[in-house]
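Below: input_13.cif (mmCIF, C-alpha atoms)
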data_upload
#
loop_
_atom_site.label_atom_id
_atom_site.label_comp_id
_atom_site.auth_asym_id
_atom_site.auth_seq_id
_atom_site.Cartn_x
_atom_site.Cartn_y
_atom_site.Cartn_z
CA MET A 1 2.06 71.30 121.93
CA LYS A 2 4.43 68.55 120.79
CA PHE A 3 7.27 66.76 122.55
CA LYS A 4 10.18 65.07 120.82
CA PRO A 5 9.49 61.32 120.43
CA ARG A 6 12.34 60.26 122.75
CA ASN A 7 11.08 62.54 125.54
CA LEU A 8 7.52 61.30 125.12
CA ARG A 9 8.74 57.69 125.17
CA ALA A 10 10.77 58.34 128.34
CA ILE A 11 7.74 59.72 130.20
CA ALA A 12 5.62 56.82 128.92
CA GLU A 13 8.17 54.39 130.40
CA MET A 14 7.78 56.16 133.75
CA VAL A 15 4.00 55.73 133.55
CA ILE A 16 4.22 52.00 132.85
CA GLY A 17 7.07 51.49 135.31
CA ASP A 18 9.82 50.46 132.87
CA ALA A 19 11.93 53.33 134.26
CA ALA A 20 13.81 53.18 137.54
CA HIS A 21 12.09 54.52 140.69
CA PHE A 22 8.56 54.08 139.26
CA PRO A 23 6.19 51.18 140.12
CA ARG A 24 5.70 48.70 137.30
CA ARG A 25 2.19 48.63 135.83
CA SER A 26 0.65 45.82 133.83
CA SER A 27 -2.11 46.41 131.28
CA PHE A 28 -4.80 46.39 134.00
CA PHE A 29 -2.94 48.85 136.24
CA ILE A 30 -2.12 51.18 133.32
CA THR A 31 -5.87 51.54 132.80
CA LYS A 32 -6.34 52.07 136.55
CA PHE A 33 -3.64 54.78 136.47
CA PHE A 34 -5.47 56.71 133.76
CA GLU A 35 -8.70 56.34 135.74
CA GLU A 36 -6.96 58.02 138.68
CA CYS A 37 -6.13 60.87 136.30
CA ASP A 38 -9.87 61.14 135.39
CA LEU A 39 -9.07 59.94 131.86
CA ASP A 40 -11.13 57.33 130.02
CA PHE A 41 -8.19 55.61 128.28
CA VAL A 42 -8.40 51.80 128.37
CA HIS A 43 -5.29 49.82 127.41
CA ASP A 44 -6.07 47.61 124.42
CA GLY A 45 -3.39 44.98 125.05
CA SER A 46 -0.92 46.39 122.54
CA THR A 47 2.71 47.24 123.38
CA ARG A 48 2.49 49.21 126.61
CA ALA A 49 5.15 51.85 125.91
CA ILE A 50 3.95 52.64 122.38
CA TRP A 51 0.27 52.79 123.40
CA THR A 52 1.05 55.02 126.41
CA SER A 53 3.21 57.35 124.28
CA GLN A 54 0.28 57.79 121.91
CA ARG A 55 -2.05 58.67 124.79
CA LEU A 56 0.45 61.22 126.11
CA GLU A 57 0.69 62.71 122.63
CA ASP A 58 -3.12 63.00 122.55
CA LEU A 59 -3.07 64.90 125.86
CA LEU A 60 -0.37 67.29 124.64
CA GLU A 61 -2.47 68.14 121.58
CA GLU A 62 -5.25 69.50 123.81
CA PRO A 63 -5.59 73.33 124.13
CA GLN A 64 -3.10 75.16 126.34
CA PRO A 65 -4.68 77.36 129.06
CA ALA A 66 -2.18 80.12 128.21
CA ALA A 67 1.14 80.70 126.52
CA PHE A 68 4.01 78.64 128.00
CA GLN A 69 1.58 76.42 129.94
CA MET A 70 1.05 72.71 129.40
CA PRO A 71 -2.47 71.37 128.72
CA THR A 72 -4.37 70.93 131.97
CA ARG A 73 -4.98 67.16 131.74
CA PHE A 74 -1.30 66.53 130.99
CA VAL A 75 -0.36 68.39 134.18
CA VAL A 76 -2.88 66.29 136.12
CA LEU A 77 -1.24 63.14 134.74
CA LEU A 78 2.25 64.31 135.80
CA ARG A 79 0.98 65.11 139.30
CA THR A 80 -0.59 61.66 139.62
CA LEU A 81 2.59 60.06 138.30
CA MET A 82 4.73 61.92 140.86
CA ASP A 83 2.40 61.44 143.84
CA PRO A 84 4.69 61.22 146.92
CA ARG A 85 2.65 58.22 148.12
CA GLU A 86 3.98 56.22 145.15
CA ALA A 87 7.57 56.43 146.42
CA GLU A 88 9.76 53.37 145.90
CA ASP A 89 12.31 51.99 148.36
CA GLY A 90 15.57 53.89 148.00
CA ASP A 91 13.76 57.02 146.82
CA LEU A 92 11.35 57.87 149.63
CA ASP A 93 11.42 61.62 148.88
CA ARG A 94 11.03 60.92 145.12
CA SER A 95 14.05 63.11 144.33
CA LYS A 96 15.50 60.45 142.00
CA ALA A 97 12.18 60.04 140.17
CA LEU A 98 11.90 63.84 139.89
CA ALA A 99 15.42 64.10 138.44
CA LEU A 100 14.55 61.43 135.86
CA LEU A 101 11.35 63.26 134.87
CA ASN A 102 13.24 66.53 134.54
CA GLU A 103 15.72 64.94 132.13
CA SER A 104 12.85 64.79 129.62
CA LEU A 105 11.03 67.98 130.59
CA THR A 106 14.08 70.26 130.49
CA ARG A 107 14.79 69.21 126.92
CA GLU A 108 11.34 70.64 126.11
CA GLY A 109 11.94 73.86 128.06
CA TYR A 110 10.07 72.90 131.26
CA GLU A 111 11.00 71.80 134.77
CA ALA A 112 9.09 70.05 137.53
CA TYR A 113 9.39 70.67 141.27
CA TYR A 114 7.51 70.02 144.50
CA ASP A 115 5.87 72.92 146.32
CA GLU A 116 5.39 73.11 150.10
CA GLU A 117 2.25 70.90 150.12
CA PRO A 118 4.09 68.87 148.56
CA MET A 119 2.43 68.91 145.14
CA LEU A 120 4.16 68.67 141.78
CA GLN A 121 4.35 71.93 139.83
CA VAL A 122 5.61 72.38 136.27
CA ARG A 123 6.96 75.69 134.99
CA HIS A 124 8.37 77.01 131.74
CA ILE A 125 12.09 77.61 132.24
CA GLY A 126 12.31 80.77 130.11
CA SER A 127 9.23 82.66 131.28
CA LYS A 128 8.86 81.01 134.75
CA THR A 129 5.16 80.52 133.93
CA VAL A 130 3.69 77.73 136.04
CA SER A 131 1.43 75.20 134.33
CA THR A 132 -1.48 74.91 136.72
CA ALA A 133 -4.46 72.61 136.96
CA THR A 134 -6.03 75.10 139.32
CA ASN A 135 -9.59 75.97 140.28
CA PRO A 136 -9.55 79.16 142.41
CA HIS A 137 -12.93 78.23 143.88
CA ARG A 138 -12.00 74.75 145.10
CA PRO A 139 -11.81 73.96 148.84
CA LEU A 140 -8.52 75.15 150.30
CA THR A 141 -6.04 73.04 152.24
CA PRO A 142 -5.22 74.08 155.85
CA LYS A 143 -1.92 75.62 154.69
CA GLU A 144 -3.68 77.55 151.94
CA THR A 145 -6.30 78.77 154.40
CA GLU A 146 -3.54 80.12 156.65
CA ARG A 147 -1.84 81.87 153.71
CA LYS A 148 -5.19 83.37 152.74
CA ARG A 149 -5.64 84.70 156.29
CA GLN A 150 -2.16 86.28 156.25
CA LEU A 151 -2.76 87.94 152.87
CA ASN A 152 -6.19 89.16 153.96
CA ALA A 153 -4.62 90.84 157.00
CA TYR A 154 -1.99 92.44 154.76
CA LEU A 155 -4.65 93.88 152.46
CA ASP A 156 -6.20 95.63 155.48
CA THR A 157 -3.01 97.60 156.09
CA CYS A 158 -1.22 97.98 152.74
CA SER A 159 -1.25 101.19 150.71
CA GLU A 160 -2.59 101.48 147.17
CA ASP A 161 0.93 101.44 145.74
CA GLU A 162 1.75 98.32 147.76
CA LEU A 163 -1.45 96.68 146.48
CA ILE A 164 -0.23 97.27 142.94
CA GLU A 165 3.49 96.54 143.37
CA GLU A 166 3.38 93.71 145.92
CA ILE A 167 0.13 91.97 145.01
CA LEU A 168 -1.21 92.71 141.53
CA LEU A 169 2.02 92.70 139.53
CA PRO A 170 3.22 89.28 140.83
CA LEU A 171 -0.31 87.90 140.43
CA PHE A 172 -0.78 88.92 136.80
CA ARG A 173 2.77 87.84 135.91
CA GLN A 174 1.94 84.41 137.30
CA LEU A 175 -1.25 84.33 135.23
CA GLY A 176 0.77 84.74 132.04
CA PHE A 177 0.51 88.48 131.29
CA HIS A 178 3.53 90.21 129.77
CA ARG A 179 5.05 93.69 129.82
CA LEU A 180 3.38 94.72 133.08
CA THR A 181 4.02 98.45 133.39
CA ALA A 182 2.92 100.38 136.48
CA ALA A 183 2.32 104.12 136.13
CA GLY A 184 3.01 104.69 139.81
CA HIS A 185 1.40 107.33 141.97
CA SER A 186 4.39 109.65 142.04
CA ASP A 187 3.68 110.71 138.45
CA LYS A 188 -0.05 110.95 137.76
CA ALA A 189 0.45 113.08 134.64
CA LEU A 190 0.98 110.09 132.33
CA GLU A 191 -1.41 107.64 133.97
CA TYR A 192 -4.49 108.39 131.79
CA GLY A 193 -6.88 106.47 134.02
CA LYS A 194 -4.84 103.30 134.42
CA ASP A 195 -2.47 102.24 137.18
CA VAL A 196 -1.05 99.34 135.14
CA TRP A 197 -1.09 98.26 131.52
CA MET A 198 -0.08 94.82 130.27
CA ARG A 199 -0.36 92.52 127.28
CA PHE A 200 -1.55 88.94 126.88
CA VAL A 201 -0.50 86.75 123.95
CA LEU A 202 -3.17 84.34 122.72
CA PRO A 203 -2.21 80.86 121.44
CA THR A 204 -2.86 82.28 117.95
CA GLN A 205 -0.11 84.88 118.69
CA HIS A 206 -2.63 87.72 118.59
CA VAL A 207 -2.00 90.27 121.35
CA LEU A 208 -4.60 91.77 123.70
CA TYR A 209 -3.87 94.84 125.83
CA PHE A 210 -5.26 95.32 129.34
CA GLY A 211 -5.39 98.23 131.74
CA ILE A 212 -5.89 98.09 135.51
CA GLN A 213 -7.51 100.72 137.71
CA ALA A 214 -6.83 99.73 141.31
CA LYS A 215 -8.36 101.04 144.53
CA LYS A 216 -7.27 99.98 147.99
CA GLY A 217 -10.63 99.76 149.77
CA LYS A 218 -14.28 99.05 149.12
CA LEU A 219 -15.82 100.22 145.85
CA ASP A 220 -19.43 101.30 146.25
CA SER A 221 -22.09 103.59 144.81
CA ALA A 222 -22.47 105.91 147.81
CA GLY A 223 -22.85 109.60 147.17
CA MET A 224 -19.26 110.41 148.10
CA THR A 225 -15.96 108.83 148.99
CA LYS A 226 -15.67 107.97 152.69
CA GLY A 227 -12.39 106.91 154.27
CA SER A 228 -10.79 104.13 152.25
CA ASN A 229 -14.03 103.48 150.34
CA ALA A 230 -13.93 104.66 146.72
CA ASN A 231 -16.98 105.81 144.81
CA ILE A 232 -17.73 104.14 141.47
CA ALA A 233 -18.47 107.54 139.92
CA GLU A 234 -14.83 108.46 140.45
CA ILE A 235 -13.83 105.34 138.51
CA TYR A 236 -16.17 106.11 135.60
CA GLN A 237 -14.09 108.88 134.00
CA GLN A 238 -10.88 106.97 134.63
CA VAL A 239 -12.29 103.94 132.82
CA LEU A 240 -13.30 106.09 129.83
CA MET A 241 -9.80 107.56 129.71
CA MET A 242 -8.26 104.08 129.97
CA LEU A 243 -10.29 102.68 127.07
CA GLY A 244 -9.77 105.74 124.90
CA HIS A 245 -6.04 106.29 125.39
CA GLU A 246 -3.39 104.38 123.46
CA VAL A 247 -0.47 102.60 125.11
CA PHE A 248 2.96 102.34 123.50
CA ASP A 249 4.30 98.82 123.21
CA PRO A 250 8.11 98.93 122.99
CA GLU A 251 8.24 95.35 121.66
CA THR A 252 6.32 96.31 118.52
CA SER A 253 7.19 100.05 118.53
CA LYS A 254 3.50 100.76 117.95
CA LYS A 255 0.64 102.30 119.87
CA ALA A 256 -2.46 100.24 120.66
CA LEU A 257 -5.79 100.84 122.36
CA VAL A 258 -6.57 98.97 125.58
CA ASP A 259 -8.85 96.03 124.73
CA HIS A 260 -10.10 95.36 128.27
CA ALA A 261 -10.05 97.15 131.60
CA PHE A 262 -9.76 95.53 135.02
CA ILE A 263 -11.32 97.40 137.93
CA VAL A 264 -9.59 95.96 141.00
CA ALA A 265 -10.50 96.68 144.61
CA GLY A 266 -8.60 95.64 147.73
CA GLY A 267 -12.02 95.44 149.42
CA ILE A 268 -15.38 94.38 148.02
CA ILE A 269 -17.09 95.77 144.91
CA THR A 270 -20.80 96.09 145.65
CA LYS A 271 -23.44 94.91 143.20
CA GLN A 272 -24.85 98.45 143.14
CA ALA A 273 -21.46 99.77 142.00
CA ARG A 274 -21.21 97.18 139.22
CA ASN A 275 -24.76 97.88 138.06
CA TRP A 276 -24.23 101.67 138.15
CA LEU A 277 -21.14 101.49 135.98
CA GLY A 278 -22.82 99.03 133.62
CA GLY A 279 -25.72 101.47 133.17
CA LYS A 280 -23.39 104.35 132.38
CA LEU A 281 -21.33 102.54 129.76
CA ASP A 282 -22.66 101.62 126.33
CA ALA A 283 -22.84 97.97 125.28
CA SER A 284 -19.45 97.88 123.55
CA LYS A 285 -17.56 99.43 126.46
CA ARG A 286 -19.51 97.38 129.01
CA SER A 287 -18.13 94.19 127.45
CA GLN A 288 -14.60 95.50 127.95
CA ILE A 289 -14.91 95.88 131.74
CA MET A 290 -13.91 93.16 134.21
CA PHE A 291 -14.13 93.37 138.00
CA MET A 292 -11.82 91.82 140.59
CA ASP A 293 -12.35 92.31 144.32
CA ARG A 294 -10.55 91.07 147.44
CA GLU A 295 -12.00 87.56 147.41
CA ASP A 296 -10.87 87.07 143.79
CA ILE A 297 -7.36 88.29 144.65
CA LEU A 298 -7.11 86.02 147.70
CA ASN A 299 -8.31 82.87 145.92
CA LEU A 300 -6.07 83.39 142.87
CA TYR A 301 -3.04 84.27 144.96
CA VAL A 302 -3.36 81.23 147.20
CA THR A 303 -4.34 78.57 144.65
CA TYR A 304 -1.58 79.65 142.25
CA ASN A 305 0.88 79.37 145.16
CA ILE A 306 2.39 82.83 144.68
CA PRO A 307 4.87 83.81 147.44
CA LEU A 308 3.34 86.26 149.92
CA PRO A 309 4.82 89.75 150.30
CA ALA A 310 7.45 89.96 153.03
CA ASN A 311 5.23 92.19 155.17
CA ALA A 312 2.40 89.65 155.01
CA LEU A 313 4.47 86.94 156.68
CA PRO A 314 4.41 86.59 160.48
CA LYS A 315 7.23 88.39 162.26
CA LEU A 316 9.76 86.10 163.89
CA ASP A 317 10.50 86.81 167.55
CA ALA A 318 13.97 88.29 167.82
CA SER A 319 15.44 86.53 170.83
CA PRO A 320 18.62 87.99 172.29
CA ASP A 321 21.83 86.08 171.80
CA GLU A 322 22.71 83.77 174.65
CA ILE A 323 25.45 84.88 176.97
CA PRO A 324 28.49 82.73 176.04
CA PHE A 325 29.12 81.44 179.60
#

For this file, write the structure as C-alpha cells.
Amino acid sequence: MKFKPRNLRAIAEMVIGDAAHFPRRSSFFITKFFEECDLDFVHDGSTRAIWTSQRLEDLLEEPQPAAFQMPTRFVVLLRTLMDPREAEDGDLDRSKALALLNESLTREGYEAYYDEEPMLQVRHIGSKTVSTATNPHRPLTPKETERKRQLNAYLDTCSEDELIEEILLPLFRQLGFHRLTAAGHSDKALEYGKDVWMRFVLPTQHVLYFGIQAKKGKLDSAGMTKGSNANIAEIYQQVLMMLGHEVFDPETSKKALVDHAFIVAGGIITKQARNWLGGKLDASKRSQIMFMDREDILNLYVTYNIPLPANALPKLDASPDEIPF
C-alpha cells in the first residue's frame, strides 16, 4: 500500500507534533512514541518530518491482512497517535485532531472514527471494510463482555435463518468477504448443500470461493438428531454436495467450484464430530473444511465491534406518557 507523499508528510507532522492539536515531540520522544507502538524505530537525529515519513512508508509497505485493510502495525500507530489521553487544551474530545487526520486519510479512500470504547477505527470508504488490529482471543473489556453475553442469549433463541441473516452475513462481510449470497430455507431446491456462498479476493487478486453450511444448535456424533442438536452424519452429504457443485459468479459470468467449506454451528462442535467427519473425507477434501462454533462467532463478533441484531439488544421499558397536568 502506498500513500501520496503529501498525505504521508501530513500524518508524519501529526506524529512529531508539528500539526495543530498534537503534542510536540523531540527526537527522544519520537523514539518513545514508536516504542509505545511496539516498533523498534530509533530516531537518528535527522530531519524529524522526513525521517518519520520514511518510517510510515515502511509500515504501509507491510502485508495487508485483507483487501481494503491497512497493514496491522500502521493501524496500531494511528490508534496510539489518536489516544484520547493525548488530548490537547481546546480539543479535549480530539474531534479537531480527528478531522485533521481525516483530511489525509479520505484522500486515500479511508476514514477514521472513534467507536464506543472509545478506540480509533479506520475503514475503507468504498467497501466499509474496517482495518482492524484485532485478536479475537484477547481479554475482553467490560463492555465487550456484556455484548458477548447479549449475543450469546440471542443465539439461544434465534432460528437457523436468523443465525444466517442476522449473524453470519454481517460477520463475514466485516471480515472482507464479497458477494455473500444466502440460499434461504424457503427454497431448498437450489441450495446444493450450502446455506451461503461467498468470494474472497486475495491481495494477488486471485479469487477463492467459500460455502457455508450452518446449523443452529450443537453439532455432535450421536446416533441421531435430538432436538436442536444436529448430527455430523447429516452434514457429511451436504459437504460433499457443496464441494462438488459449481456456483455462478455474476461478476465474472463464470461458474466456479467452492474452494473451502465452513461448517458453522450456533452451539458447540464436539471433537468427536470433527474427528468423524475428518475420517470420512479424503485428504484433499479434509483440507477444504473449516469449523466455526458459537465461541468463535461470539469472539469475532465482539472484537470486530459489529453491531448486534436488534433482537439481541435489551428491551427498553415503555413507560406511559405523563399526564399533562

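For the pair CA of Arg286 (chain A) and CA of Asp220 (chain A), the interatomic distance is 17.7 Å.
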
Using only C-alpha atoms, what table do you get, as CSV, when you list each residue of region 101-195 of chain A with an atom no more than 10 Å from region 69-86 of chain A, its nearest pair of atoms, and their distance in Å rounded to one decimal, rows by chain then rising number?
residue,atom,partner,partner_atom,distance
A:Leu101,CA,A:Met82,CA,9.0
A:Tyr110,CA,A:Met70,CA,9.2
A:Ala112,CA,A:Leu78,CA,9.1
A:Tyr113,CA,A:Met82,CA,9.9
A:Tyr114,CA,A:Met82,CA,9.3
A:Pro118,CA,A:Pro84,CA,7.8
A:Met119,CA,A:Arg79,CA,7.1
A:Leu120,CA,A:Arg79,CA,5.4
A:Gln121,CA,A:Arg79,CA,7.6
A:Val122,CA,A:Val75,CA,7.5
A:Arg123,CA,A:Gln69,CA,7.4
A:His124,CA,A:Gln69,CA,7.0
A:Ser127,CA,A:Gln69,CA,10.0
A:Lys128,CA,A:Gln69,CA,9.9
A:Thr129,CA,A:Gln69,CA,6.7
A:Val130,CA,A:Gln69,CA,6.6
A:Ser131,CA,A:Gln69,CA,4.6
A:Thr132,CA,A:Thr72,CA,6.8
A:Ala133,CA,A:Thr72,CA,5.3
A:Thr134,CA,A:Thr72,CA,8.6
A:Leu175,CA,A:Gln69,CA,9.9
A:Gly176,CA,A:Gln69,CA,8.6

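When all atoms listed in the file are used to measure the gap to Ala312 (chain A), the shortest distance among A:Lys215, A:Ser221, A:Ala182, A:Gln150 belongs to A:Gln150.
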
d(CA of Leu202 (chain A), CA of Asp293 (chain A)) in Å: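 Distance reported for this atom pair: 24.8 Å.
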
Name all residues at most 10 Å from Leu257 (chain A) (count only C-alpha atoms; drop same-chain ones fewer than 4 positions away) and give them as an mmCIF file with C-alpha atoms, in the coordinates of the input.
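Written file, around.cif:
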data_model
loop_
_atom_site.group_PDB
_atom_site.id
_atom_site.type_symbol
_atom_site.label_atom_id
_atom_site.label_comp_id
_atom_site.auth_asym_id
_atom_site.auth_seq_id
_atom_site.Cartn_x
_atom_site.Cartn_y
_atom_site.Cartn_z
ATOM 1 C CA LEU A 208 -4.600 91.770 123.700
ATOM 2 C CA TYR A 209 -3.870 94.840 125.830
ATOM 3 C CA PHE A 210 -5.260 95.320 129.340
ATOM 4 C CA GLY A 211 -5.390 98.230 131.740
ATOM 5 C CA MET A 242 -8.260 104.080 129.970
ATOM 6 C CA LEU A 243 -10.290 102.680 127.070
ATOM 7 C CA GLY A 244 -9.770 105.740 124.900
ATOM 8 C CA HIS A 245 -6.040 106.290 125.390
ATOM 9 C CA GLU A 246 -3.390 104.380 123.460
ATOM 10 C CA VAL A 247 -0.470 102.600 125.110
ATOM 11 C CA PHE A 248 2.960 102.340 123.500
#

Picked residues, the PyMOL selection byres ((chain A and resi 155-163) around 12), as JSON, numbers by chain: {"A": [148, 149, 150, 151, 152, 153, 154, 164, 165, 166, 167, 168, 169, 170, 171, 182, 183, 184, 185, 186, 195, 196, 212, 213, 214, 215, 216, 217, 218, 228, 230, 264, 265, 266, 267, 268, 293, 294, 295, 297, 298, 308, 309, 310, 311, 312]}

Counting only C-alpha atoms, the residue of A:Ile16, A:Leu105, A:Ala99, A:Val42 that sits nearest Phe3 (chain A):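 Checking each of A:Ile16, A:Leu105, A:Ala99, A:Val42 against Phe3 (chain A), counting only C-alpha atoms, the winner is A:Leu105.
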
Env of Glu88 (chain A): 9 Å cut, atoms = all atoms listed in the file, seq-sep filter 5 positions within chain, self excluded. Answer as a ChimeraX atom specification. /A:21-23,93-94

Find the smallest box with edges along x, y and z containing every listed atom of region 286-292 of chain A, then add 5 Å on each side and report centre and edge lengths in Å to one decimal, as lines of an AutoDock Vina configuration file.
center_x = -15.7
center_y = 94.6
center_z = 134.0
size_x = 17.7
size_y = 15.6
size_z = 23.1

So what does the PyMOL selection byres ((chain A and resi 235) around 10) actually pick up in this one, as an MDAnalysis selection string? chainID A and resid 193 213:215 219 230:234 236:241 263 277

Between A:Ile50, A:Leu300, A:Ile30, A:Leu8, which has the minimum distance to Glu108 (chain A) (counting only C-alpha atoms)?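 Using only C-alpha atoms, the shortest distance to Glu108 (chain A) belongs to A:Leu8.
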
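Put simply, CA of Arg107 (chain A) is 13.1 Å away from CA of Arg9 (chain A).
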